[in-house]
Amino acid sequence: MDAFDYELPDERIAYTPTGNRSDSKLLVWDQSIIAETQYKDIARFIPSNHCLFFNNSKVIAARILFDKNSSQADSIIPSEQSNSRQNKIEIFCLEPTAAYTPVQLAMQATNKVQWKCLVGGAKKWKAPFLEKQLQYDQATIHLVARKIAQEEGHFIIEFSWDHPTIVFSEIIALVGQIPLPPYIQRAANETDKDRYQTTYAIAEGSVAAPTAGLHFDKEVFNTLNAKGIDQKFITLHVGAGTFMPVKVEDFHDHLMHAEFIDVDLQTIEYLASTKNKIVAVGTTSLRTLESLYWLAVKIKQQPAIDAHELNLLQWDAYTLDAHHLSAQEAMHYLSTWMLQNKLSSLIASTQLMVKPGYRFKICNGLVTNFHQPKSTLLLIIAAIAGEQWKTVYQHALTHEYRFLSYGDGCLFWINHG
């Protein structure tokens, strides 16, 4: 990982968003830096025979604060957001347990649900349970959190509430906070509620934003439409693993966290038939699209595989024999299999690690932010640009581009030669 390190000064990190989404700067790279522009002009650099793929996952209010002494109900009041966290226990919802998977099932759960969670201040949790009282539509709801088990790196927390028609997505909308990246050491504010979501986010389930899409507003979509550039939407629910630093010297020893993807049949049929070139908006979109190819290869080799047990492991893309299967052939096979299994959407987990040496199967371009040093996201950039990633990043640093989630970005073209 030392080969993927660089010095990131604090003043280059964007801790707040720009005034307008599409005012963020955009670097364009095609085997060398060919242009500097803004997101509002991105359509100028994308030919009309292309399609942009966006991740429409929506960030959930995954951080929930309880009073550490909540043996009696603790009412939510506006001032709590600014109170000291010294006497608080923070529960960070990572992903639902297997019984409540996929994430849509957990978000629509009534009465109770179980999640894998990080617990800030776990040693302060002395009571058998934590509780709050919430006000919703003139009704008082009693929310309870219980520790069910402690597993490696997380707790199993059961949330229960006493309103029969309120679902969990409504509960966390009432009580939770948007989970900003850990390097942003401040509480989420009203601006973050809007700007740490993409304008097209609809599928609840992420604990971090697919940040490349934060720059796309109505103005940008209008320019794309005017040029006849297609747009499609897929889903990868971003897990907390996106925040996890690579702590090993060799990235081959790093464990990628599994994340769920959800792609409908019509989109896969589009990929099977289109002659347009594919541009992924964000590394999550890229990993979803590339995972589809390898899932198709996996299904082709195991036609009887149970759709509920479909997953792509970290190194499958490097060990599966694709038999020179083209992207369109793979997508045609995948859509046929879905029809045979009466599936309107493909829901699967992926741990795909894209690293230097990876051969891209579906994507011809990537729109993405500037990523943290020694991160798995930077490995994706190196897989596209090789050693030139250093030139791109040094240029961005020298020319005062803003880095990380709220920062500027780059359009990389992928050379399949």
# chains A, B, ... in the order shown; residues from 1 in each chain; ligands from 1
$ select_by_dssp --residues "region 205-333 of chain A" --states "helix (DSSP H, G or I)" --output "VMD selection string"
chain A and resid 211 to 215 218 to 226 240 to 243 251 to 253 265 to 273 283 to 301 307 to 309 316 to 319 327 to 333
$ atom_distance --atom1 "CA of Met107 (chain A)" --atom2 "CA of Ile234 (chain A)"
18.4 Å
$ atom_distance --atom1 "CA of Phe92 (chain A)" --atom2 "CA of His154 (chain A)"
9.7 Å
$ closest_atom_pairs --of "region 152-267 of chain A" --to "region 391-414 of chain A" --cutoff "9 Å" --atoms "only C-alpha atoms" --output "tab-separated table"
residue	atom	partner	partner_atom	distance
A:Pro181	CA	A:Ser405	CA	7.8
A:Arg195	CA	A:Tyr406	CA	8.7
A:Tyr196	CA	A:Tyr406	CA	8.1
A:Ala209	CA	A:Ser405	CA	8.1
A:Pro210	CA	A:Ser405	CA	8.6
A:Thr211	CA	A:Ser405	CA	5.5
A:Ala212	CA	A:Gly409	CA	7.2
A:Leu214	CA	A:Tyr406	CA	7.8
A:His215	CA	A:Asp408	CA	8.5
$ residues_around --residues "Gln388 (chain A)" --least-positions-apart "6" --cutoff "10 Å" --atoms "only C-alpha atoms" --output "list of chain:residue names"
A:Trp29, A:Gln31, A:Ser32, A:Ile33, A:Ile381, A:Ala382, A:Gln394
$ write_last_selection --atoms "all heavy atoms" --output "mmCIF file, in the first residue's frame"
data_model
loop_
_atom_site.group_PDB
_atom_site.id
_atom_site.type_symbol
_atom_site.label_atom_id
_atom_site.label_comp_id
_atom_site.auth_asym_id
_atom_site.auth_seq_id
_atom_site.Cartn_x
_atom_site.Cartn_y
_atom_site.Cartn_z
ATOM 1 N N TRP A 29 -9.164 13.089 -17.982
ATOM 2 C CA TRP A 29 -7.945 12.316 -18.264
ATOM 3 C C TRP A 29 -8.228 11.252 -19.315
ATOM 4 O O TRP A 29 -9.174 10.479 -19.186
ATOM 5 C CB TRP A 29 -7.443 11.643 -16.979
ATOM 6 C CG TRP A 29 -6.156 10.877 -17.132
ATOM 7 C CD1 TRP A 29 -4.887 11.348 -16.970
ATOM 8 C CD2 TRP A 29 -6.008 9.487 -17.469
ATOM 9 N NE1 TRP A 29 -3.957 10.349 -17.177
ATOM 10 C CE2 TRP A 29 -4.628 9.199 -17.492
ATOM 11 C CE3 TRP A 29 -6.915 8.470 -17.770
ATOM 12 C CZ2 TRP A 29 -4.135 7.927 -17.784
ATOM 13 C CZ3 TRP A 29 -6.423 7.203 -18.073
ATOM 14 C CH2 TRP A 29 -5.047 6.941 -18.074
ATOM 15 N N GLN A 31 -5.431 9.012 -21.001
ATOM 16 C CA GLN A 31 -4.017 8.658 -21.126
ATOM 17 C C GLN A 31 -3.099 9.827 -20.780
ATOM 18 O O GLN A 31 -1.891 9.661 -20.668
ATOM 19 C CB GLN A 31 -3.675 8.106 -22.520
ATOM 20 C CG GLN A 31 -4.656 7.059 -23.038
ATOM 21 C CD GLN A 31 -5.051 6.011 -21.990
ATOM 22 O OE1 GLN A 31 -4.186 5.355 -21.423
ATOM 23 N NE2 GLN A 31 -6.347 5.861 -21.757
ATOM 24 N N SER A 32 -3.666 11.014 -20.633
ATOM 25 C CA SER A 32 -2.982 12.188 -20.097
ATOM 26 C C SER A 32 -4.070 13.193 -19.744
ATOM 27 O O SER A 32 -5.228 13.023 -20.122
ATOM 28 C CB SER A 32 -2.007 12.794 -21.122
ATOM 29 O OG SER A 32 -2.726 13.278 -22.245
ATOM 30 N N ILE A 33 -3.709 14.229 -19.010
ATOM 31 C CA ILE A 33 -4.699 15.255 -18.657
ATOM 32 C C ILE A 33 -5.004 16.057 -19.921
ATOM 33 O O ILE A 33 -4.107 16.663 -20.517
ATOM 34 C CB ILE A 33 -4.167 16.166 -17.546
ATOM 35 C CG1 ILE A 33 -3.958 15.358 -16.261
ATOM 36 C CG2 ILE A 33 -5.140 17.319 -17.283
ATOM 37 C CD1 ILE A 33 -3.212 16.112 -15.180
ATOM 38 N N ILE A 381 -8.347 3.702 -9.274
ATOM 39 C CA ILE A 381 -7.760 4.721 -10.147
ATOM 40 C C ILE A 381 -6.461 4.205 -10.759
ATOM 41 O O ILE A 381 -6.194 4.403 -11.950
ATOM 42 C CB ILE A 381 -7.511 6.031 -9.372
ATOM 43 C CG1 ILE A 381 -8.790 6.495 -8.671
ATOM 44 C CG2 ILE A 381 -6.971 7.112 -10.299
ATOM 45 C CD1 ILE A 381 -9.996 6.592 -9.564
ATOM 46 N N ALA A 382 -5.655 3.525 -9.960
ATOM 47 C CA ALA A 382 -4.396 2.966 -10.466
ATOM 48 C C ALA A 382 -4.661 1.862 -11.485
ATOM 49 O O ALA A 382 -3.873 1.664 -12.414
ATOM 50 C CB ALA A 382 -3.556 2.441 -9.307
ATOM 51 N N GLN A 394 -1.168 14.840 -8.295
ATOM 52 C CA GLN A 394 -0.265 15.959 -8.029
ATOM 53 C C GLN A 394 -0.746 17.218 -8.735
ATOM 54 O O GLN A 394 -0.683 18.326 -8.189
ATOM 55 C CB GLN A 394 1.165 15.618 -8.462
ATOM 56 C CG GLN A 394 2.192 16.667 -8.040
ATOM 57 C CD GLN A 394 2.182 16.939 -6.541
ATOM 58 O OE1 GLN A 394 2.307 16.022 -5.736
ATOM 59 N NE2 GLN A 394 2.008 18.206 -6.154
#
